[in-house]
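> If it helps, the file is called input-v7.cif and holds mmCIF, C-alpha atoms:
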```cif
data_final
#
loop_
_atom_site.label_atom_id
_atom_site.label_comp_id
_atom_site.auth_asym_id
_atom_site.auth_seq_id
_atom_site.Cartn_x
_atom_site.Cartn_y
_atom_site.Cartn_z
CA MET A 202 91.22 48.86 88.20
CA LEU A 203 90.37 51.00 91.23
CA LEU A 204 86.80 51.52 89.96
CA LYS A 205 86.43 47.75 89.67
CA LYS A 206 87.32 47.40 93.34
CA PHE A 207 84.48 49.78 94.23
CA PHE A 208 82.12 47.73 92.04
CA ASN A 209 83.27 44.41 93.50
CA VAL A 210 82.50 45.38 97.09
CA GLY A 211 78.96 46.41 96.11
CA PHE A 212 78.99 50.15 95.43
CA GLU A 213 76.78 51.52 92.68
CA GLU A 214 76.55 54.81 90.76
CA ILE A 215 80.34 54.88 90.68
CA ASP A 216 81.70 57.94 88.94
CA VAL A 217 85.00 59.75 88.55
CA VAL A 218 84.12 63.39 89.16
CA GLU A 219 87.60 64.86 88.98
CA ARG A 220 90.81 63.80 87.26
CA THR A 221 93.92 65.94 87.47
CA PRO A 222 97.44 65.14 86.28
CA PHE A 223 100.07 65.14 88.99
CA GLY A 224 103.66 65.73 87.98
CA LEU A 225 107.04 66.20 89.58
CA GLU A 226 106.38 69.87 90.17
CA ASP A 227 103.20 68.99 92.07
CA LEU A 228 105.00 66.38 94.17
CA SER A 229 107.71 68.90 95.08
CA ARG A 230 105.13 70.87 97.09
CA TYR A 231 104.74 67.95 99.51
CA PRO A 232 107.02 67.76 102.54
CA LEU A 233 106.84 63.97 102.32
CA PHE A 234 109.17 63.99 99.33
CA ALA A 235 112.81 64.79 100.01
CA PRO A 236 114.81 66.58 97.30
CA ASP A 237 116.98 63.49 96.73
CA PHE A 238 113.88 61.39 96.04
CA LEU A 239 112.60 63.97 93.56
CA ASP A 240 116.02 63.92 91.86
CA PHE A 241 115.81 60.13 91.73
CA LEU A 242 112.42 60.40 90.02
CA ARG A 243 113.79 62.88 87.49
CA ARG A 244 116.54 60.41 86.62
CA VAL A 245 114.54 57.21 86.34
CA VAL A 246 111.24 58.43 84.90
CA PRO A 247 111.25 59.41 81.22
CA SER A 248 111.12 63.21 80.91
CA GLU A 249 107.92 63.13 78.83
CA ARG A 250 106.12 61.78 81.92
CA HIS A 251 107.41 64.36 84.38
CA ARG A 252 104.21 66.40 84.08
CA GLU A 253 101.91 63.39 84.38
CA LEU A 254 103.49 60.90 86.74
CA VAL A 255 100.15 60.02 88.27
CA TYR A 256 96.58 61.29 88.32
CA SER A 257 94.59 62.60 91.24
CA ILE A 258 91.07 61.30 90.86
CA THR A 259 87.97 61.73 92.98
CA ILE A 260 85.56 58.82 92.91
CA VAL A 261 82.01 59.10 94.20
CA ALA A 262 79.73 56.11 94.71
CA GLN A 263 76.72 55.00 96.70
CA LYS A 264 75.82 52.03 98.87
CA PRO A 265 72.62 50.55 97.44
CA ARG A 266 69.39 50.87 99.34
CA PRO A 267 67.47 47.65 99.90
CA ALA A 268 65.08 46.89 97.06
CA THR A 269 61.52 47.99 97.82
CA THR A 270 58.88 45.31 97.38
CA PHE A 271 55.20 46.00 96.79
CA MET B 1448 100.77 44.56 93.11
CA SER B 1449 102.71 45.78 96.12
CA TYR B 1450 106.42 45.31 96.67
CA PHE B 1451 105.91 45.64 100.44
CA THR B 1452 104.32 43.40 103.03
CA GLU B 1453 101.41 44.89 104.90
CA GLN B 1454 103.49 45.28 108.06
CA ASP B 1455 106.44 46.85 106.25
CA ALA B 1456 104.16 49.27 104.42
CA ARG B 1457 102.49 50.34 107.66
CA SER B 1458 105.82 50.86 109.34
CA ILE B 1459 107.17 52.98 106.47
CA ILE B 1460 104.01 55.07 106.33
CA ARG B 1461 103.75 55.55 110.10
CA ASN B 1462 107.37 56.73 110.21
CA ALA B 1463 107.00 59.07 107.24
CA TYR B 1464 103.77 60.67 108.43
CA GLY B 1465 104.83 60.69 112.07
CA GLU B 1466 108.00 62.62 111.28
CA VAL B 1467 106.71 64.97 108.60
CA GLN B 1468 107.06 68.67 109.35
CA SER B 1469 105.88 71.59 107.32
CA ASP B 1470 105.53 75.29 107.83
CA ASP B 1471 104.13 76.35 104.50
CA THR B 1472 100.69 76.27 103.00
CA LYS B 1473 101.55 75.44 99.38
CA VAL B 1474 99.71 72.12 99.27
CA ALA B 1475 96.57 73.43 100.95
CA ALA B 1476 96.56 76.58 98.82
CA SER B 1477 96.64 74.43 95.68
CA ILE B 1478 93.54 72.49 96.78
CA TYR B 1479 91.29 74.50 99.09
CA GLY B 1480 89.69 77.90 98.79
CA ALA B 1481 91.20 80.83 100.69
CA GLU B 1482 88.03 81.23 102.73
CA GLU B 1483 88.14 77.56 103.74
CA ILE B 1484 91.76 77.78 104.84
CA ALA B 1485 91.22 81.05 106.69
CA GLY B 1486 88.99 79.38 109.26
CA LEU B 1487 91.33 76.50 110.07
CA PRO B 1488 94.17 76.09 112.58
CA ARG B 1489 97.58 76.63 110.99
CA SER B 1490 98.85 73.10 111.60
CA ALA B 1491 95.80 71.61 109.87
CA VAL B 1492 96.71 73.75 106.85
CA THR B 1493 100.49 73.29 106.83
CA LEU B 1494 100.12 69.54 107.27
CA SER B 1495 97.51 69.21 104.56
CA LEU B 1496 98.89 66.28 102.57
CA GLY B 1497 95.88 65.37 100.47
CA VAL B 1498 95.71 65.33 96.70
CA GLY B 1499 92.26 66.77 96.10
CA HIS B 1500 89.07 67.94 97.75
CA PRO B 1501 86.74 65.02 98.55
CA VAL B 1502 84.57 67.18 100.82
CA ARG B 1503 83.67 69.36 97.81
CA HIS B 1504 82.17 66.34 96.04
CA ALA B 1505 80.59 64.69 99.10
CA GLY B 1506 77.39 66.76 99.08
CA LEU B 1507 77.39 66.92 102.88
CA LYS B 1508 74.18 67.95 104.57
CA PRO B 1509 73.53 69.17 108.11
CA GLY B 1510 73.06 66.32 110.54
CA GLU B 1511 75.01 63.72 108.58
CA MET B 1512 77.63 61.38 110.05
CA VAL B 1513 80.92 61.47 108.12
CA LEU B 1514 83.97 59.22 108.35
CA ASP B 1515 87.33 60.47 107.05
CA LEU B 1516 89.69 57.57 106.35
CA GLY B 1517 93.31 58.53 107.03
CA CYS B 1518 92.50 61.97 108.37
CA GLY B 1519 96.08 63.07 108.99
CA ALA B 1520 96.20 66.41 110.78
CA GLY B 1521 92.47 66.72 110.18
CA ILE B 1522 91.83 69.29 107.47
CA ASP B 1523 89.06 67.35 105.71
CA THR B 1524 87.56 66.10 108.99
CA LEU B 1525 87.31 69.70 110.21
CA LEU B 1526 85.75 70.91 106.95
CA ALA B 1527 83.28 68.01 107.11
CA ALA B 1528 82.41 68.80 110.74
CA LEU B 1529 81.68 72.39 109.74
CA ALA B 1530 79.54 71.23 106.80
CA VAL B 1531 77.37 68.81 108.80
CA GLY B 1532 76.97 71.24 111.69
CA PRO B 1533 76.38 70.60 115.38
CA LYS B 1534 73.65 68.01 114.72
CA GLY B 1535 76.04 66.01 112.57
CA LYS B 1536 79.40 64.48 113.31
CA ALA B 1537 82.73 63.92 111.56
CA VAL B 1538 85.03 61.13 112.67
CA GLY B 1539 88.64 61.17 111.52
CA LEU B 1540 90.44 57.83 111.55
CA ASP B 1541 94.21 57.57 111.30
CA MET B 1542 96.82 54.95 112.20
CA THR B 1543 99.67 57.38 112.94
CA PRO B 1544 99.70 58.48 116.59
CA GLU B 1545 101.42 61.80 115.84
CA MET B 1546 98.75 62.70 113.27
CA VAL B 1547 95.95 61.66 115.63
CA LYS B 1548 97.41 63.99 118.26
CA ARG B 1549 97.65 66.89 115.80
CA ALA B 1550 94.12 66.35 114.49
CA ARG B 1551 92.71 66.24 118.03
CA GLU B 1552 94.54 69.46 118.89
CA ASN B 1553 93.16 71.10 115.76
CA ALA B 1554 89.59 70.03 116.55
CA VAL B 1555 89.98 71.50 120.05
CA LEU B 1556 91.46 74.73 118.66
CA MET B 1557 88.37 75.12 116.48
CA GLY B 1558 86.03 74.25 119.33
CA LEU B 1559 84.39 71.61 117.18
CA GLU B 1560 82.64 69.23 119.55
CA ASN B 1561 81.25 67.28 116.60
CA ALA B 1562 84.71 66.32 115.33
CA GLN B 1563 86.10 63.14 116.82
CA ILE B 1564 89.51 61.72 115.99
CA ARG B 1565 90.18 58.02 116.45
CA GLU B 1566 93.37 56.01 116.11
CA GLY B 1567 92.90 52.89 114.05
CA LEU B 1568 93.31 51.06 110.77
CA MET B 1569 91.08 51.63 107.79
CA GLU B 1570 91.42 47.90 107.02
CA GLU B 1571 89.94 47.10 110.44
CA ASN B 1572 87.49 49.94 110.72
CA PRO B 1573 86.43 50.42 114.36
CA LEU B 1574 83.02 51.88 113.54
CA PRO B 1575 79.86 49.78 113.81
CA ASP B 1576 77.86 48.50 110.85
CA ALA B 1577 75.59 50.97 109.05
CA SER B 1578 76.57 53.93 111.23
CA VAL B 1579 77.92 56.39 108.63
CA ASP B 1580 76.22 58.49 105.95
CA VAL B 1581 79.32 59.55 104.05
CA VAL B 1582 82.86 58.20 103.83
CA ILE B 1583 85.56 60.55 102.58
CA SER B 1584 89.28 60.03 102.11
CA ASN B 1585 92.09 62.05 100.60
CA GLY B 1586 95.24 60.50 99.16
CA VAL B 1587 95.21 57.57 101.54
CA LEU B 1588 93.70 54.55 99.79
CA ASN B 1589 96.87 54.07 97.70
CA LEU B 1590 98.86 53.69 100.93
CA SER B 1591 97.10 50.43 101.75
CA THR B 1592 98.27 47.07 100.47
CA ARG B 1593 94.64 45.89 100.92
CA GLN B 1594 92.53 48.45 99.11
CA SER B 1595 89.60 46.08 98.55
CA ARG B 1596 89.51 45.39 102.28
CA VAL B 1597 89.46 49.16 102.99
CA LEU B 1598 86.55 49.62 100.59
CA ALA B 1599 84.69 46.60 102.00
CA GLU B 1600 85.05 48.04 105.51
CA ALA B 1601 83.84 51.43 104.28
CA PHE B 1602 80.84 49.70 102.69
CA ARG B 1603 80.10 47.83 105.94
CA VAL B 1604 80.02 50.94 108.12
CA MET B 1605 77.85 52.90 105.67
CA ARG B 1606 74.10 53.10 105.91
CA PRO B 1607 72.11 52.00 102.85
CA GLY B 1608 72.04 54.96 100.48
CA GLY B 1609 75.27 56.29 101.98
CA ARG B 1610 77.90 57.90 99.79
CA VAL B 1611 81.65 57.83 99.37
CA SER B 1612 83.83 60.60 98.00
CA ILE B 1613 87.37 59.34 97.77
CA THR B 1614 90.30 61.19 96.25
CA ASP B 1615 93.40 59.22 95.48
CA LEU B 1616 96.42 58.94 93.21
CA VAL B 1617 96.40 56.44 90.37
CA LEU B 1618 98.96 55.57 87.75
CA ALA B 1619 98.15 56.33 84.15
CA GLU B 1620 101.01 54.07 83.09
CA ALA B 1621 103.33 51.87 85.10
CA LEU B 1622 106.27 53.63 86.67
CA PRO B 1623 109.77 52.11 86.55
CA GLU B 1624 110.17 49.23 89.01
CA ALA B 1625 112.88 51.16 90.87
CA VAL B 1626 110.25 53.77 91.79
CA LEU B 1627 107.62 51.24 92.79
CA LYS B 1628 110.10 49.50 95.10
CA SER B 1629 111.09 52.76 96.79
CA PRO B 1630 109.85 53.28 100.37
CA ALA B 1631 109.81 57.03 99.70
CA ALA B 1632 107.36 56.51 96.83
CA LEU B 1633 105.17 54.28 98.96
CA ALA B 1634 104.91 56.87 101.72
CA GLY B 1635 103.78 59.53 99.24
#
```
Would it be possible to restate this file's structure as structure tokens?

Amino acid sequence: MLLKKFFNVGFEEIDVVERTPFGLEDLSRYPLFAPDFLDFLRRVVPSERHRELVYSITIVAQKPRPATTF
Amino acid sequence: MSYFTEQDARSIIRNAYGEVQSDDTKVAASIYGAEEIAGLPRSAVTLSLGVGHPVRHAGLKPGEMVLDLGCGAGIDTLLAALAVGPKGKAVGLDMTPEMVKRARENAVLMGLENAQIREGLMEENPLPDASVDVVISNGVLNLSTRQSRVLAEAFRVMRPGGRVSITDLVLAEALPEAVLKSPAALAG
């Protein structure tokens, strides 16, 4: 879905160069997440997903150069 | 789909990022190399809130112009400024005044005259057309309710042949609706 957004605005050579699972333990390192929110996540998200709640991905892409005419 | 209006989302995010405090380096240590961190001001490191290392994949070259969308306290902007050198430039853009202030202080602490921090929205990018070689961003695109607009603005400000290296969080599977409706989840 996100890659399609890159494509739709005109980027080319779109590639995912890194993809890392992000779980509850990873989120707990961030000061943005209070302990009560992390407890809430533990309660409402199935335990089998606690290690892979989301993925961190890095997308690279390029803005096309104008076509060269001869 | 977002459960928040654009204005509500901005307000939640500005409050969360404006108030955030941290005195440890756990996040930065999990992402950046020790030698990278060693050269940075402490507040750039302790307030590193990214989720990856877009600079590592940006292939920055001396003399290039870089734009960091949602620069926060400036860690990636500073690393980019170092990578492009004095003939290049790194501009950090952020909508949270407290983060802009911190990033500016960090650029001054490092004596980086080629790092400029601007307050503004990534959906209404203040940079002129075709003025940037590389756009980077770290854990910020998911905070916008208008991601396509952010990408279109990035595309507009890039020169032909310019590159993006954007790190972000994506869902592998849908999370429970209660999580998606949570302001705390939005801010992260």
> Please, what distance in Å, to one decimal, runs between CA of Val1581 (chain B) and CA of Leu1496 (chain B)?
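Pair CA of Val1581 (chain B) / CA of Leu1496 (chain B) returns 20.7 Å.
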> So that I can check the surroundings of Arg1461 (chain B), please list as a PyMOL selection string every protein, DNA and RNA residue that reaches within 9 Å of it, counting only C-alpha atoms and ignoring chain neighbours fewer than 2 positions away.
chain B and resi 1456-1459+1463-1466+1542-1545+1634
> Go ahead and save the picked residues with C-alpha atoms, as a PDB file, in the coordinates of the input.

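As written to disk, again_19.pdb reads:
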```
ATOM      1  CA  ALA B1456     104.160  49.270 104.420  1.00  0.00           C
ATOM      2  CA  ARG B1457     102.490  50.340 107.660  1.00  0.00           C
ATOM      3  CA  SER B1458     105.820  50.860 109.340  1.00  0.00           C
ATOM      4  CA  ILE B1459     107.170  52.980 106.470  1.00  0.00           C
ATOM      5  CA  ALA B1463     107.000  59.070 107.240  1.00  0.00           C
ATOM      6  CA  TYR B1464     103.770  60.670 108.430  1.00  0.00           C
ATOM      7  CA  GLY B1465     104.830  60.690 112.070  1.00  0.00           C
ATOM      8  CA  GLU B1466     108.000  62.620 111.280  1.00  0.00           C
ATOM      9  CA  MET B1542      96.820  54.950 112.200  1.00  0.00           C
ATOM     10  CA  THR B1543      99.670  57.380 112.940  1.00  0.00           C
ATOM     11  CA  PRO B1544      99.700  58.480 116.590  1.00  0.00           C
ATOM     12  CA  GLU B1545     101.420  61.800 115.840  1.00  0.00           C
ATOM     13  CA  ALA B1634     104.910  56.870 101.720  1.00  0.00           C
TER      14      ALA B1634
END
```
> One decimal, Å: what's the distance from CA of Gly1567 (chain B) over to CA of Ile1484 (chain B), could you say?
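Pair CA of Gly1567 (chain B) / CA of Ile1484 (chain B) returns 26.6 Å.
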> Kindly indicate which residue among B:Glu1560, B:Asp1523, B:Asp1515, B:Glu1552 lies nearest to Val1611 (chain B), using all atoms listed in the file for the distances.
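Closest to Val1611 (chain B), using all atoms listed in the file: B:Asp1515.
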> Quick one: everything within 12 Å of Lys1548 (chain B), counting only C-alpha atoms, minus sequence neighbours fewer than 6 positions away in the same chain. Send it as a short mmCIF file (atom, residue, chain, number, x, y, z; two decimals) with C-alpha atoms, keeping the file's coordinate frame.

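And here is the file that came out, out-v4.cif:
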```
data_model
loop_
_atom_site.label_atom_id
_atom_site.label_comp_id
_atom_site.auth_asym_id
_atom_site.auth_seq_id
_atom_site.Cartn_x
_atom_site.Cartn_y
_atom_site.Cartn_z
CA GLY B 1465 104.83 60.69 112.07
CA SER B 1490 98.85 73.10 111.60
CA ALA B 1491 95.80 71.61 109.87
CA CYS B 1518 92.50 61.97 108.37
CA GLY B 1519 96.08 63.07 108.99
CA ALA B 1520 96.20 66.41 110.78
CA GLY B 1521 92.47 66.72 110.18
CA GLY B 1539 88.64 61.17 111.52
CA LEU B 1540 90.44 57.83 111.55
CA ASP B 1541 94.21 57.57 111.30
CA MET B 1542 96.82 54.95 112.20
CA ALA B 1554 89.59 70.03 116.55
CA VAL B 1555 89.98 71.50 120.05
CA GLN B 1563 86.10 63.14 116.82
CA ILE B 1564 89.51 61.72 115.99
CA ARG B 1565 90.18 58.02 116.45
CA GLU B 1566 93.37 56.01 116.11
#
```
> Given the file shown, enumerate the residues that the PyMOL selection byres ((chain A) within 9 of (chain B)) captures and present them as a VMD selection string.
chain A and resid 203 206 to 207 209 to 212 218 to 219 221 223 227 to 228 230 to 235 238 241 to 242 245 to 246 253 to 267
> Could you write out that same residue set with C-alpha atoms as a PDB file, in the frame of the given file?

```pdb
ATOM      1  CA  LEU A 203      90.370  51.000  91.230  1.00  0.00           C
ATOM      2  CA  LYS A 206      87.320  47.400  93.340  1.00  0.00           C
ATOM      3  CA  PHE A 207      84.480  49.780  94.230  1.00  0.00           C
ATOM      4  CA  ASN A 209      83.270  44.410  93.500  1.00  0.00           C
ATOM      5  CA  VAL A 210      82.500  45.380  97.090  1.00  0.00           C
ATOM      6  CA  GLY A 211      78.960  46.410  96.110  1.00  0.00           C
ATOM      7  CA  PHE A 212      78.990  50.150  95.430  1.00  0.00           C
ATOM      8  CA  VAL A 218      84.120  63.390  89.160  1.00  0.00           C
ATOM      9  CA  GLU A 219      87.600  64.860  88.980  1.00  0.00           C
ATOM     10  CA  THR A 221      93.920  65.940  87.470  1.00  0.00           C
ATOM     11  CA  PHE A 223     100.070  65.140  88.990  1.00  0.00           C
ATOM     12  CA  ASP A 227     103.200  68.990  92.070  1.00  0.00           C
ATOM     13  CA  LEU A 228     105.000  66.380  94.170  1.00  0.00           C
ATOM     14  CA  ARG A 230     105.130  70.870  97.090  1.00  0.00           C
ATOM     15  CA  TYR A 231     104.740  67.950  99.510  1.00  0.00           C
ATOM     16  CA  PRO A 232     107.020  67.760 102.540  1.00  0.00           C
ATOM     17  CA  LEU A 233     106.840  63.970 102.320  1.00  0.00           C
ATOM     18  CA  PHE A 234     109.170  63.990  99.330  1.00  0.00           C
ATOM     19  CA  ALA A 235     112.810  64.790 100.010  1.00  0.00           C
ATOM     20  CA  PHE A 238     113.880  61.390  96.040  1.00  0.00           C
ATOM     21  CA  PHE A 241     115.810  60.130  91.730  1.00  0.00           C
ATOM     22  CA  LEU A 242     112.420  60.400  90.020  1.00  0.00           C
ATOM     23  CA  VAL A 245     114.540  57.210  86.340  1.00  0.00           C
ATOM     24  CA  VAL A 246     111.240  58.430  84.900  1.00  0.00           C
ATOM     25  CA  GLU A 253     101.910  63.390  84.380  1.00  0.00           C
ATOM     26  CA  LEU A 254     103.490  60.900  86.740  1.00  0.00           C
ATOM     27  CA  VAL A 255     100.150  60.020  88.270  1.00  0.00           C
ATOM     28  CA  TYR A 256      96.580  61.290  88.320  1.00  0.00           C
ATOM     29  CA  SER A 257      94.590  62.600  91.240  1.00  0.00           C
ATOM     30  CA  ILE A 258      91.070  61.300  90.860  1.00  0.00           C
ATOM     31  CA  THR A 259      87.970  61.730  92.980  1.00  0.00           C
ATOM     32  CA  ILE A 260      85.560  58.820  92.910  1.00  0.00           C
ATOM     33  CA  VAL A 261      82.010  59.100  94.200  1.00  0.00           C
ATOM     34  CA  ALA A 262      79.730  56.110  94.710  1.00  0.00           C
ATOM     35  CA  GLN A 263      76.720  55.000  96.700  1.00  0.00           C
ATOM     36  CA  LYS A 264      75.820  52.030  98.870  1.00  0.00           C
ATOM     37  CA  PRO A 265      72.620  50.550  97.440  1.00  0.00           C
ATOM     38  CA  ARG A 266      69.390  50.870  99.340  1.00  0.00           C
ATOM     39  CA  PRO A 267      67.470  47.650  99.900  1.00  0.00           C
TER      40      PRO A 267
END
```
> Could you work out how far CA of Leu1556 (chain B) lies from CA of Val1492 (chain B), giving the answer in Å with one decimal?
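Distance between the two atoms: 13.0 Å.
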> Enumerate, as a list in words, the residues matched when the PyMOL selection byres ((chain B and resi 1453) around 8) is run on the file above.
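On this input, the PyMOL selection byres ((chain B and resi 1453) around 8) captures Phe1451, Thr1452, Gln1454, Asp1455, Ala1456, Arg1457, Ser1591, Thr1592 and Arg1593 of chain B.
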> Which residues would end up in the selection if the PyMOL selection byres ((chain A and resi 252) around 8) were applied here, given that I need the answer as a compact mmCIF listing (two decimals) with C-alpha atoms, in the frame of the given file?

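Resulting contents of out-v5.txt:
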```
# COMPACT_ATOMS: atom_id res chain seq x y z
CA PRO A 222 97.44 65.14 86.28
CA PHE A 223 100.07 65.14 88.99
CA GLY A 224 103.66 65.73 87.98
CA LEU A 225 107.04 66.20 89.58
CA GLU A 226 106.38 69.87 90.17
CA GLU A 249 107.92 63.13 78.83
CA ARG A 250 106.12 61.78 81.92
CA HIS A 251 107.41 64.36 84.38
CA GLU A 253 101.91 63.39 84.38
CA LEU A 254 103.49 60.90 86.74
```
> Taking all atoms listed in the file into account, which of B:Met1512, B:Arg1549, B:Ala1562, B:Glu1570 comes nearest Thr1524 (chain B)?
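For Thr1524 (chain B), the nearest of the candidates is B:Ala1562.
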> Using only the atoms of region 1590-1598 of chain B listed in the file, plus 4 Å on each side, state the axis-aligned box centre and edge lengths in Å rounded to one decimal, as JSON.

```
{"center_x": 92.7, "center_y": 49.5, "center_z": 100.8, "size_x": 20.3, "size_y": 16.3, "size_z": 12.4}
```
